[in-house]
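Undergrad: I have a structure I would like to understand better, so I am pasting it below and will then ask my questions one at a time.
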Amino acid sequence: MFKAKKVDPCKVNACKIQTCLKENNFQEDACLEVLEEMRQCCLKWHRESLCCSGIKLEKSYLEKQEEKK
């Protein structure tokens with residue numbers, strides 16, 4: 001029987017990160033909001049999402065932004 005392929009719940013966010021990094025010359029600081037969206041997705045779906053393997057869940061990416069102000 002045909003088994004439906006499971007869609008990674010955080011894949012859309014991972015694609016947004018790649019797009020943001022490319023558009024901003026791979027400067028992570030320019031993509032902190034998108035990285036935080038990914039972290040929020042991974043907080044919920046880290047057990048099901050392969051895309052979450054490199055995402056740090058402990059600390060908000062936006063805290064980095066606040067520290068620079």
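By convention in this document, the chains of the structure tokens carry letters A, B, ... by their order, each chain's residues are numbered from 1, and ligands are numbered from 1 in the order they are shown.
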So which residues of chain A fall under alpha helix (DSSP H) by DSSP, listed as a ChimeraX atom specification?

TA: /A:11-23,32-45,62-68

Undergrad: Would you mind listing what lies within 10 Å of A:Ala30 as a tab-separated table (two decimals) with all heavy atoms, in the first residue's frame, with only C-alpha atoms counted and same-chain residues fewer than 5 positions away left out?

TA:
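Writing done, so here's result_10.tsv:
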```tsv
chain	number	residue	atom	x	y	z
A	20	CYS	N	16.73	34.44	3.22
A	20	CYS	CA	17.18	35.64	3.93
A	20	CYS	C	18.70	35.75	3.93
A	20	CYS	O	19.26	36.81	3.66
A	20	CYS	CB	16.65	35.62	5.36
A	20	CYS	SG	17.06	37.11	6.29
A	21	LEU	N	19.37	34.64	4.21
A	21	LEU	CA	20.83	34.66	4.24
A	21	LEU	C	21.41	35.01	2.86
A	21	LEU	O	22.34	35.82	2.77
A	21	LEU	CB	21.37	33.32	4.72
A	21	LEU	CG	21.17	33.03	6.21
A	21	LEU	CD1	21.54	31.58	6.53
A	21	LEU	CD2	21.96	34.00	7.07
A	23	GLU	N	19.95	36.74	0.48
A	23	GLU	CA	19.63	38.14	0.17
A	23	GLU	C	20.46	39.13	0.99
A	23	GLU	O	20.59	40.29	0.61
A	23	GLU	CB	18.14	38.40	0.42
A	23	GLU	CG	17.24	37.74	-0.59
A	23	GLU	CD	15.75	37.87	-0.26
A	23	GLU	OE1	15.40	38.36	0.84
A	23	GLU	OE2	14.95	37.45	-1.11
A	24	ASN	N	20.99	38.67	2.11
A	24	ASN	CA	21.75	39.55	3.01
A	24	ASN	C	23.22	39.16	3.11
A	24	ASN	O	23.86	39.37	4.14
A	24	ASN	CB	21.10	39.56	4.39
A	24	ASN	CG	19.77	40.25	4.37
A	24	ASN	OD1	19.70	41.47	4.29
A	24	ASN	ND2	18.68	39.48	4.40
A	25	ASN	N	23.75	38.62	2.02
A	25	ASN	CA	25.17	38.30	1.95
A	25	ASN	C	25.64	37.41	3.10
A	25	ASN	O	26.74	37.58	3.63
A	25	ASN	CB	25.98	39.59	1.91
A	25	ASN	CG	27.08	39.54	0.89
A	25	ASN	OD1	27.10	38.68	0.04
A	25	ASN	ND2	28.00	40.48	0.98
A	35	LEU	N	15.26	33.62	11.95
A	35	LEU	CA	15.84	32.57	12.79
A	35	LEU	C	14.98	32.32	14.02
A	35	LEU	O	14.79	31.17	14.44
A	35	LEU	CB	17.27	32.94	13.20
A	35	LEU	CG	18.31	32.82	12.10
A	35	LEU	CD1	19.56	33.60	12.46
A	35	LEU	CD2	18.63	31.37	11.83
A	65	GLN	N	19.78	40.69	19.14
A	65	GLN	CA	19.43	41.99	18.59
A	65	GLN	C	19.33	43.04	19.70
A	65	GLN	O	19.81	44.15	19.56
A	65	GLN	CB	18.09	41.85	17.86
A	65	GLN	CG	17.77	42.97	16.92
A	65	GLN	CD	16.51	42.63	16.13
A	65	GLN	OE1	15.55	42.11	16.68
A	65	GLN	NE2	16.51	42.95	14.85
```

Undergrad: Report, in Å to a single decimal, how far apart atom CA of A:Tyr61 and atom CA of A:Leu43 are.

TA: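 Taking atom CA of A:Leu43 as the start and atom CA of A:Tyr61 as the end point, the length is 12.9 Å.
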
Undergrad: Rounded to one decimal, what separation in Å do you get between atom CA of A:Trp45 and atom CA of A:Lys22?

TA: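 So the two atoms, atom CA of A:Trp45 and atom CA of A:Lys22, lie 25.2 Å apart.
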
Undergrad: May I have the residues within 10 Å of A:His46 as a count of residues only, using only C-alpha atoms and disregarding those fewer than 5 positions away in the same chain?

TA: 10

Undergrad: Tell me, in Å to one decimal, how far atom CA of A:Gln27 is from atom CA of A:Leu50.

TA: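 Computed distance, atom CA of A:Gln27 to atom CA of A:Leu50, equals 23.5 Å.
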
Undergrad: Pick out the closest residue to A:Cys31 from this set: A:Lys56, A:Lys44, A:Asp8, A:Leu62. Count only C-alpha atoms.

TA: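 For A:Cys31, the nearest of the given residues is A:Leu62.
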